[in-house]
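Here is the file upload34.txt (compact mmCIF, C-alpha atoms).
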```txt
# COMPACT_ATOMS: atom_id res chain seq x y z
CA MET A 1066 -9.58 -13.06 5.76
CA PRO A 1067 -8.71 -15.51 2.97
CA PRO A 1068 -8.18 -19.04 4.36
CA LEU A 1069 -4.52 -19.14 3.29
CA LEU A 1070 -3.71 -16.09 5.36
CA ALA A 1071 -6.07 -16.25 8.32
CA GLY A 1072 -3.77 -16.94 11.24
CA SER A 1073 -0.89 -18.09 9.05
CA ALA A 1074 1.71 -16.49 6.84
CA THR A 1075 2.28 -19.71 4.91
CA GLY A 1076 0.85 -19.98 1.44
CA SER A 1077 1.65 -20.23 -2.24
CA ASP A 1078 4.33 -17.99 -3.73
CA ARG A 1079 2.13 -17.96 -6.85
CA ILE A 1080 -0.70 -16.14 -5.09
CA ALA A 1081 -0.55 -12.61 -3.71
CA HIS A 1082 -3.35 -10.87 -1.84
CA ALA A 1083 -4.49 -7.26 -2.02
CA TRP A 1084 -6.98 -5.69 0.36
CA LEU A 1085 -8.70 -2.47 -0.69
CA VAL A 1086 -10.25 -0.73 2.31
CA PRO A 1087 -12.35 2.47 2.34
CA LEU A 1088 -11.01 4.91 4.93
CA ALA A 1089 -14.34 6.02 6.36
CA ALA A 1090 -14.55 5.64 10.13
CA ASP A 1091 -16.46 7.03 13.04
CA ALA A 1092 -14.75 8.41 16.13
CA GLN A 1093 -14.77 5.07 17.93
CA ALA A 1094 -13.10 3.21 15.05
CA LEU A 1095 -10.55 5.99 14.65
CA ARG A 1096 -9.72 5.80 18.35
CA ARG A 1097 -9.27 2.03 18.16
CA MET A 1098 -6.93 2.32 15.19
CA TYR A 1099 -4.88 4.99 16.94
CA GLY A 1100 -4.57 2.70 19.96
CA LEU A 1101 -2.83 0.09 17.79
CA LEU A 1102 -0.05 2.41 16.65
CA SER A 1103 3.46 2.44 18.05
CA PRO A 1104 4.94 5.55 19.69
CA ALA A 1105 6.97 6.17 16.53
CA GLU A 1106 3.84 5.97 14.37
CA ARG A 1107 2.02 8.35 16.71
CA VAL A 1108 4.87 10.81 16.36
CA ARG A 1109 4.54 10.61 12.60
CA ALA A 1110 0.77 11.12 12.86
CA ALA A 1111 1.27 14.20 15.01
CA ARG A 1112 3.46 15.83 12.38
CA PHE A 1113 0.68 16.13 9.81
CA ALA A 1114 -0.61 19.67 9.56
CA PHE A 1115 -4.07 18.73 8.32
CA ASP A 1116 -6.64 16.57 10.07
CA ARG A 1117 -7.50 14.77 6.81
CA ASP A 1118 -3.91 13.61 6.33
CA ARG A 1119 -3.55 12.63 9.98
CA ARG A 1120 -6.73 10.54 9.87
CA THR A 1121 -5.62 8.84 6.66
CA PHE A 1122 -2.27 7.91 8.20
CA VAL A 1123 -3.82 6.56 11.40
CA LEU A 1124 -6.51 4.55 9.64
CA SER A 1125 -4.29 3.11 6.92
CA HIS A 1126 -1.56 2.04 9.34
CA GLY A 1127 -4.15 0.58 11.67
CA VAL A 1128 -5.59 -1.43 8.77
CA LEU A 1129 -2.09 -2.63 7.84
CA ARG A 1130 -1.49 -3.82 11.39
CA ARG A 1131 -4.77 -5.71 11.53
CA ILE A 1132 -4.28 -7.42 8.19
CA LEU A 1133 -0.72 -8.45 9.03
CA ALA A 1134 -1.85 -9.62 12.46
CA ALA A 1135 -4.40 -11.90 10.83
CA CYS A 1136 -1.72 -13.21 8.48
CA CYS A 1137 0.69 -13.91 11.35
CA GLY A 1138 -1.76 -15.00 14.06
CA GLU A 1139 -0.43 -12.17 16.23
CA ASN A 1140 -1.90 -9.26 18.16
CA ALA A 1141 -2.09 -6.20 15.89
CA GLY A 1142 -0.65 -3.96 18.59
CA ARG A 1143 2.35 -6.22 19.17
CA LEU A 1144 3.72 -6.03 15.65
CA ARG A 1145 7.08 -4.27 15.41
CA PHE A 1146 8.39 -2.69 12.23
CA ARG A 1147 11.87 -1.73 11.09
CA GLN A 1148 13.18 -0.24 7.87
CA GLY A 1149 15.57 -2.04 5.56
CA THR A 1150 18.65 -0.45 3.99
CA ARG A 1151 16.50 1.08 1.25
CA GLY A 1152 13.81 2.28 3.65
CA LYS A 1153 11.25 -0.44 2.94
CA PRO A 1154 9.58 -1.59 6.19
CA TYR A 1155 9.62 -5.17 7.40
CA LEU A 1156 8.30 -7.00 10.43
CA VAL A 1157 10.70 -7.67 13.27
CA ASP A 1158 10.52 -11.41 14.04
CA GLY A 1159 7.95 -11.77 11.29
CA PRO A 1160 7.39 -15.09 9.52
CA ALA A 1161 10.07 -15.97 6.97
CA GLY A 1162 9.14 -14.88 3.48
CA LEU A 1163 6.30 -12.55 4.44
CA GLN A 1164 6.30 -9.52 2.15
CA PHE A 1165 3.90 -6.58 2.36
CA ASN A 1166 3.32 -3.06 1.13
CA LEU A 1167 0.91 -0.19 1.86
CA SER A 1168 -0.48 2.66 -0.18
CA HIS A 1169 -3.28 5.14 0.46
CA CYS A 1170 -5.07 7.99 -1.22
CA GLU A 1171 -8.04 10.12 -0.29
CA GLY A 1172 -10.70 7.66 0.82
CA PHE A 1173 -8.90 4.33 0.32
CA CYS A 1174 -5.93 2.31 1.44
CA LEU A 1175 -4.42 -0.70 -0.31
CA VAL A 1176 -2.45 -3.44 1.46
CA GLY A 1177 -0.57 -6.09 -0.49
CA VAL A 1178 0.79 -9.31 1.01
CA ALA A 1179 2.88 -12.03 -0.66
CA HIS A 1180 4.82 -15.05 0.49
CA GLY A 1181 8.33 -15.06 -0.96
CA PRO A 1182 8.67 -12.47 -3.75
CA ALA A 1183 8.72 -8.73 -3.10
CA ILE A 1184 5.44 -6.88 -3.57
CA GLY A 1185 4.57 -3.24 -4.23
CA VAL A 1186 1.18 -1.52 -4.37
CA ASP A 1187 -0.23 1.86 -5.27
CA VAL A 1188 -3.71 3.42 -5.24
CA GLU A 1189 -4.57 6.88 -6.59
CA ARG A 1190 -7.57 9.09 -7.24
CA VAL A 1191 -8.01 9.99 -10.90
CA ARG A 1192 -8.09 13.75 -11.22
CA ALA A 1193 -7.48 16.47 -13.77
CA VAL A 1194 -3.77 17.26 -14.14
CA ASP A 1195 -3.00 20.68 -15.60
CA ASP A 1196 0.64 19.87 -16.42
CA LEU A 1197 0.01 16.29 -17.60
CA ASP A 1198 2.40 16.59 -20.57
CA GLN A 1199 5.21 17.89 -18.38
CA LEU A 1200 4.66 15.21 -15.75
CA SER A 1201 4.61 12.56 -18.44
CA ARG A 1202 7.97 13.76 -19.75
CA GLN A 1203 9.41 13.54 -16.23
CA CYS A 1204 7.95 10.16 -15.24
CA PHE A 1205 7.09 8.12 -18.34
CA SER A 1206 9.25 6.38 -20.91
CA ALA A 1207 9.19 7.44 -24.58
CA ALA A 1208 6.96 4.44 -25.43
CA GLU A 1209 4.54 5.31 -22.62
CA ARG A 1210 4.36 8.93 -23.73
CA ARG A 1211 3.52 7.82 -27.26
CA GLU A 1212 0.77 5.52 -25.97
CA LEU A 1213 -0.62 8.27 -23.73
CA GLY A 1214 -0.53 10.83 -26.54
CA ALA A 1215 -2.45 8.49 -28.85
CA LEU A 1216 -5.37 8.24 -26.43
CA PRO A 1217 -8.51 10.35 -26.91
CA THR A 1218 -8.29 13.51 -24.83
CA ALA A 1219 -11.09 12.32 -22.55
CA ASP A 1220 -9.10 9.17 -21.66
CA ARG A 1221 -5.72 10.72 -20.96
CA SER A 1222 -6.21 11.37 -17.24
CA ILE A 1223 -7.28 7.75 -16.74
CA GLY A 1224 -4.38 6.55 -18.89
CA PHE A 1225 -1.94 8.67 -16.91
CA PHE A 1226 -3.08 7.29 -13.56
CA ASN A 1227 -3.17 3.75 -14.96
CA GLY A 1228 0.48 4.17 -15.84
CA TRP A 1229 1.39 6.04 -12.67
CA THR A 1230 -0.04 3.44 -10.28
CA ARG A 1231 1.55 0.55 -12.17
CA LYS A 1232 4.95 2.24 -12.24
CA GLU A 1233 4.75 3.19 -8.56
CA ALA A 1234 3.81 -0.37 -7.60
CA PHE A 1235 6.83 -1.70 -9.51
CA VAL A 1236 9.25 0.80 -7.97
CA LYS A 1237 7.93 0.09 -4.47
CA ALA A 1238 8.42 -3.64 -5.02
CA VAL A 1239 11.99 -3.00 -6.17
CA GLY A 1240 12.47 -0.98 -3.00
CA ASP A 1241 14.61 1.80 -4.47
CA GLY A 1242 12.06 4.55 -3.95
CA LEU A 1243 12.75 7.79 -5.80
CA SER A 1244 16.20 6.64 -6.89
CA TYR A 1245 14.81 4.21 -9.48
CA PRO A 1246 14.58 5.86 -12.93
CA LEU A 1247 10.91 5.84 -13.88
CA GLU A 1248 11.63 6.23 -17.57
CA SER A 1249 13.73 3.05 -17.66
CA PHE A 1250 10.81 0.61 -17.80
CA ASP A 1251 7.50 0.40 -19.66
CA VAL A 1252 3.99 -0.48 -18.50
CA SER A 1253 0.67 -0.62 -20.33
CA LEU A 1254 -1.67 2.27 -19.59
CA ALA A 1255 -4.53 2.41 -22.12
CA PRO A 1256 -7.96 2.25 -20.45
CA GLY A 1257 -9.44 -1.23 -20.81
CA SER A 1258 -6.10 -2.90 -21.61
CA PRO A 1259 -4.65 -5.53 -19.26
CA ALA A 1260 -2.03 -4.35 -16.79
CA ARG A 1261 1.36 -5.46 -18.10
CA LEU A 1262 5.00 -4.76 -17.38
CA LEU A 1263 6.31 -4.56 -20.94
CA SER A 1264 10.05 -4.06 -20.54
CA ILE A 1265 12.75 -3.23 -18.01
CA GLY A 1266 15.75 -1.39 -19.37
CA GLY A 1267 14.51 -2.24 -22.85
CA SER A 1268 14.35 -5.96 -22.06
CA ALA A 1269 11.04 -7.80 -22.45
CA SER A 1270 12.60 -10.93 -20.95
CA ALA A 1271 13.45 -9.03 -17.75
CA ALA A 1272 9.84 -7.81 -17.54
CA ALA A 1273 8.61 -11.40 -17.96
CA GLY A 1274 10.07 -12.15 -14.52
CA TRP A 1275 7.39 -9.97 -12.93
CA SER A 1276 3.63 -10.03 -12.41
CA LEU A 1277 1.46 -6.92 -12.61
CA ALA A 1278 -2.24 -6.57 -11.81
CA ALA A 1279 -4.68 -3.65 -11.68
CA PHE A 1280 -8.13 -3.02 -10.27
CA ASP A 1281 -10.57 -0.12 -10.56
CA PRO A 1282 -12.56 -0.02 -7.31
CA ALA A 1283 -14.41 3.12 -8.38
CA PRO A 1284 -14.65 5.17 -11.60
CA ASP A 1285 -12.16 7.68 -10.20
CA VAL A 1286 -9.81 5.29 -8.37
CA ARG A 1287 -7.00 3.18 -9.81
CA ALA A 1288 -5.06 0.48 -7.93
CA ALA A 1289 -2.09 -1.67 -8.98
CA VAL A 1290 0.02 -4.50 -7.56
CA ALA A 1291 3.48 -5.57 -8.75
CA VAL A 1292 5.12 -8.83 -7.65
CA ALA A 1293 8.75 -9.76 -8.34
CA ALA A 1294 7.97 -13.21 -9.76
CA PRO A 1295 6.30 -14.51 -12.92
CA GLY A 1296 2.89 -16.13 -13.02
CA VAL A 1297 1.62 -14.74 -9.73
CA THR A 1298 -2.15 -14.38 -9.40
CA VAL A 1299 -3.31 -11.40 -7.36
CA GLN A 1300 -6.48 -12.06 -5.39
CA TRP A 1301 -8.35 -8.84 -4.62
CA HIS A 1302 -10.32 -8.48 -1.40
CA ALA A 1303 -12.66 -5.65 -0.45
CA LEU A 1304 -13.18 -4.87 3.22
CA SER A 1305 -16.19 -2.65 3.78
CA ASP A 1306 -15.67 -2.31 7.54
CA ILE A 1307 -12.53 -0.53 8.65
CA SER A 1308 -13.05 -1.72 12.21
CA ILE A 1309 -12.03 -5.29 11.35
CA ARG A 1310 -10.76 -7.14 14.39
CA THR A 1311 -8.61 -10.23 14.46
CA GLN A 1312 -9.41 -13.20 16.67
CA THR A 1313 -6.12 -12.73 18.51
CA GLU A 1314 -6.96 -9.11 19.24
CA ASP A 1315 -10.46 -9.98 20.42
CA VAL A 1316 -9.06 -12.54 22.86
CA HIS A 1317 -6.07 -10.61 24.15
CA GLY A 1318 -7.05 -7.01 23.56
CA SER A 1319 -4.89 -4.29 22.04
CA ARG A 1320 -3.92 -2.24 25.10
CA GLY A 1321 -1.05 -2.45 27.48
CA THR A 1322 1.05 -4.78 25.34
CA GLY A 1323 4.37 -2.99 25.87
CA ARG A 1324 5.52 -3.95 22.40
CA HIS A 1325 5.98 -0.90 20.27
CA ASP A 1326 8.77 0.36 18.07
CA ASP A 1327 11.48 2.39 19.74
CA VAL A 1328 11.51 6.17 19.52
CA SER A 1329 14.22 8.54 20.66
CA GLY A 1330 13.77 10.75 23.67
CA SER A 1331 13.32 13.73 21.37
CA GLU A 1332 10.38 12.05 19.63
CA LYS A 1333 7.89 11.59 22.42
CA PRO A 1334 4.35 11.14 21.07
CA ARG A 1335 1.88 13.95 21.66
CA ARG A 1336 -1.02 12.84 23.80
CA ALA A 1337 -3.27 15.42 22.17
CA VAL A 1338 -3.20 14.01 18.66
CA PHE A 1339 -6.66 12.55 19.36
CA ASP A 1340 -8.81 13.06 22.35
CA LEU A 1341 -11.03 10.37 23.87
CA ALA A 1342 -13.78 11.12 21.38
CA GLY A 1343 -11.37 10.43 18.52
CA ARG A 1344 -11.26 14.03 17.36
CA PRO A 1345 -7.99 15.88 16.66
```
So, in terms of structure tokens, how does the structure I just supplied come out?
Amino acid sequence: MPPLLAGSATGSDRIAHAWLVPLAADAQALRRMYGLLSPAERVRAARFAFDRDRRTFVLSHGVLRRILAACCGENAGRLRFRQGTRGKPYLVDGPAGLQFNLSHCEGFCLVGVAHGPAIGVDVERVRAVDDLDQLSRQCFSAAERRELGALPTADRSIGFFNGWTRKEAFVKAVGDGLSYPLESFDVSLAPGSPARLLSIGGSASAAAGWSLAAFDPAPDVRAAVAVAAPGVTVQWHALSDISIRTQTEDVHGSRGTGRHDDVSGSEKPRRAVFDLAGRP
């Protein structure tokens, strides 16, 4: 973990951190991650119809817990989450000013952490989109559509996902989810151009109050981080081992902590989501 965050949530409000983690794990690592989840999270995992989606949820939420535990100096299994009025999760009894966000796609998860300003993250696989023009009309501003249309045909999928991840990161930082009009703000999207928030509601000065960063961890993967403050530097960290363990967890263990989020009586977790070998 970076020194500023290892065991402490204190740090500069001009530095945000983003961890990009590959979601490849053997049965033992998967079982450990599942053991960190709360009953409510296990219920959510059990609702996925496909094993791939269930594994992604378990691994990404386990990674989130371990990163936040390292930031807080807490046991990963003891962390308790609640949702704010707009549905954005926060830590119960977490350190003042700690902001975080999670995104995942096939093969990767992205965790963003900031101290003070809100943060949003998004990671996506670049893929062919048959109805790219229609999606662009639904999700992009007029200026973004013009920029996308001016790109060579071979670059348009990359340009689309550049724009999509940057817009999603911004909306997630705002915290309004699907209610925020995606066409009301502009981001850069041309391959090779710096990630920039260009305007909000037609105002460049409003956009100047934000920071936006992007990273391409693989030729077919795009990642973005938005922070609700100007002049914030995003430090990117790659974790190659999904089975990262915090010092607190190593000392105290992750079982039998009696700390998890509440679930209603109608949402009892299914014991059979994973068996002892870590298979569904």
Quick one: which range 1151-1196 of chain A residues come within 6 Å of range 1263-1287 of chain A, and what is the nearest atom pair for each with the distance in Å to one decimal, counting only C-alpha atoms, rows ordered by chain and ascending number, as a tab-separated table?
```
residue	atom	partner	partner_atom	distance
A:Val1188	CA	A:Arg1287	CA	5.6
A:Glu1189	CA	A:Arg1287	CA	5.5
A:Arg1190	CA	A:Val1286	CA	4.6
A:Val1191	CA	A:Asp1285	CA	4.8
```
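Residue neighbourhood of Phe1173 in chain A, excluding near-sequence residues (fewer than 5 positions): Leu1085, Val1086, Pro1087, Leu1088, Ala1089, Thr1121, Ser1125, Ser1168, Val1188, Glu1189 and Val1286 of chain A, at 9 Å, using all atoms listed in the file.
Close contacts of Ala1255 in chain A, defined as residues with an atom at most 12 Å away when counting only C-alpha atoms, with chain neighbours fewer than 5 positions off set aside, comprise Glu1209, Arg1210, Arg1211, Glu1212, Leu1213, Gly1214, Ala1215, Leu1216, Pro1217, Ala1219, Asp1220, Arg1221, Ser1222, Ile1223, Gly1224, Phe1225, Phe1226, Asn1227, Gly1228, Trp1229, Arg1231, Ala1260 and Arg1261 of chain A.
Separating CA of Ala1110 in chain A from CA of Val1123 in chain A is a distance of 6.6 Å.
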Query raised in the report: With only C-alpha atoms as the basis for distance, which of A:Val1239, A:Ala1083, A:Leu1101, A:Leu1304 is at the shortest distance from Ala1179 in chain A?
Result: A:Ala1083
Query raised in the report: Which residues, written as JSON, numbers by chain, have at least one atom at most 10 Å from range 1152-1159 of chain A, with all atoms listed in the file counted and residues fewer than 3 positions away on the same chain left out?
Result: {"A": [1074, 1133, 1137, 1139, 1144, 1145, 1146, 1147, 1148, 1149, 1162, 1163, 1164, 1165, 1166, 1167, 1237, 1238, 1239, 1240, 1241, 1242, 1326]}
Query raised in the report: What is the distance between CA of Ala1293 in chain A and CA of Gly1127 in chain A, in Å to one decimal?
Result: 26.0 Å
Return as lines of an AutoDock Vina configuration file the centre and edge lengths, in Å with one decimal, of the box along x, y and z that encloses every atom of range 1234-1238 of chain A in the file, padded by 3 Å per side.
```
center_x = 6.5
center_y = -1.4
center_z = -7.0
size_x = 11.4
size_y = 10.4
size_z = 11.0
```
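CA of Ile1080 in chain A is positioned 23.5 Å from CA of Asp1251 in chain A.
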**Report entry** Nearest candidate to Gly1142 in chain A (options A:Trp1084, A:Tyr1099, A:Phe1122, A:Phe1115; using all atoms listed in the file)
**Finding:** A:Tyr1099
Query raised in the report: Between A:Cys1170, A:Val1178, A:Ala1114, A:Val1108, which one has atoms that come closest to Ala1135 in chain A, using all atoms listed in the file?
Result: A:Val1178
Query raised in the report: Neighbours of Val1186 in chain A within 6 Å (all atoms listed in the file; same-chain residues fewer than 3 positions away dropped), as a PyMOL selection string?
Result: chain A and resi 1234+1289-1290
